[in-house]
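Below you'll find the structure, written out as structure tokens, and then a few comments.
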Amino acid sequence: NAGVMQNPRHLVRRRGQEARLRCSPMKGHSHVYWYRQLPEEGLKFMVYLQKENIIDESGMPKERFSAEFPKEGPSILRIQQVVRGDSAAYFCASSPRSGVSYEQYFGPGTRLTVT
Amino acid sequence: KQEVTQIPAALSVPEGENLVLNCSFTDSAIYNLQWFRQDPGKGLTSLLLIQSSQREQTSGRLNASLDKSSGRSTLYIAASQPGDSATYLCAVLFRGTQGGSEKLVFGKGTKLTVNP
């Protein structure tokens with residue numbers, strides 16, 4: 001069973017461009033979470049999605065950021081008109097969220113650099 | 001507010017020493033607590049997960065304890081080695097409040113350096 005996959009692993013964008021980060025959850029997991037780690041800071045929750053539904057987006061900036069988890073395909077975190085402050089590591093996690101197991105399994109992350 | 005605090009922020013020890021990393025959290029309504037390791041510029045490696053009903057978990061030289069009532073967890077590393085040098089993160093999965101979803105909240109980590 002492959003782990004959580006994220007691509008690309010590294011992404012460089014110029015200010016004003018769009019960044020698309022992809023996350024494929026572990027097989028059988030229908031719950032996906034996105035986290036952001038700014039330089040020298042801890043990981044912060046951004047958004048929690050189920051297939052075709054956003055469950056909780058309380059940690060996501062109101063502007064320029066959006067997330068989706070379609071019925072088919074990976075979850076996508078989209079950042080429009082990127083700014084230097086968006087440079088960070090973005091981690092995705094998935095969970096079966098069943099029974100007593102709410103463990104989240106993390107992907108390797110995408111490191112976004114905005115120049 | 002659901003918060004996680006880790007002390008100390010950094011720790012430097014000689015090789016072979018036993019050490020303890022501390023984690024405290026503000027709300028006892030949790031599903032689980034997890035310790036991760038993160039090497040510079042890398043992803044997260046899960047070390048130990050303790051369910052809310054458990055008191056401790058062990059893996060090799062690592063032992064993690066959980067005291068839910070006092071909001072504390074410790075990660076004990078026995079016979080430390082230079083390869084243990086990394087940042088150790090504590091993360092608590094809090095139950096949802098006021099109709100919200102559960103939240104995995106991370107501490108800022110303890111940066112450990114083990115000197116040969």
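Simple scheme: letters A, B, ... for chains in structure tokens order, numbers from 1 for residues in each chain, numbers from 1 for ligands in the order shown.
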So which residues touch Tyr90 of chain A within 8 Å, counting only C-alpha atoms, skipping near sequence neighbours fewer than 2 positions away, as a ChimeraX atom specification?
-> /A:34-37,88,92,109-112
Could you list, as a ChimeraX atom specification, every residue of chain A that has an atom within 6 Å of an atom of chain B, counting only C-alpha atoms?
-> /A:42-43,108
Would you save the residues from that selection as a JSON list (two decimals), in the first residue's frame, using C-alpha atoms?
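Final file, again_21.json:
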```json
[["chain", "number", "residue", "atom", "x", "y", "z"],
["A", 42, "GLY", "CA", 5.24, 24.98, 13.26],
["A", 43, "LEU", "CA", 2.80, 23.20, 10.99],
["A", 108, "PRO", "CA", 6.56, 14.12, 1.89]]
```
How would you write, as JSON, numbers by chain, the set of residues in segment 1-96 of chain A that DSSP gives as strand (DSSP E)?
-> {"A": [5, 6, 7, 10, 11, 12, 13, 19, 20, 21, 22, 23, 24, 31, 32, 33, 34, 35, 36, 37, 43, 44, 45, 46, 47, 48, 49, 50, 53, 54, 55, 56, 65, 66, 67, 68, 75, 76, 77, 78, 79, 88, 89, 90, 91, 92, 93, 94, 95]}
Ser75 of chain A environment, 7 Å, only C-alpha atoms, sequence neighbours closer than 2 positions dropped, as a list in words | Arg22, Cys23, Ser24, Glu68, Phe69, Pro70, Gly73 and Leu77 of chain A
For segment 14-29 of chain B, please output as a PyMOL selection string all residues within 10 Å (counting only C-alpha atoms; exclusion window: fewer than 6 positions along the same chain).
-> chain B and resi 1-8+35+52+61-84+88-97+105-107+109-116
Quote the spacing between atom CA of Gln104 of chain A and atom CA of Leu48 of chain B in Å to one decimal place.
->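 Atom CA of Gln104 of chain A sits 12.2 Å away from atom CA of Leu48 of chain B.
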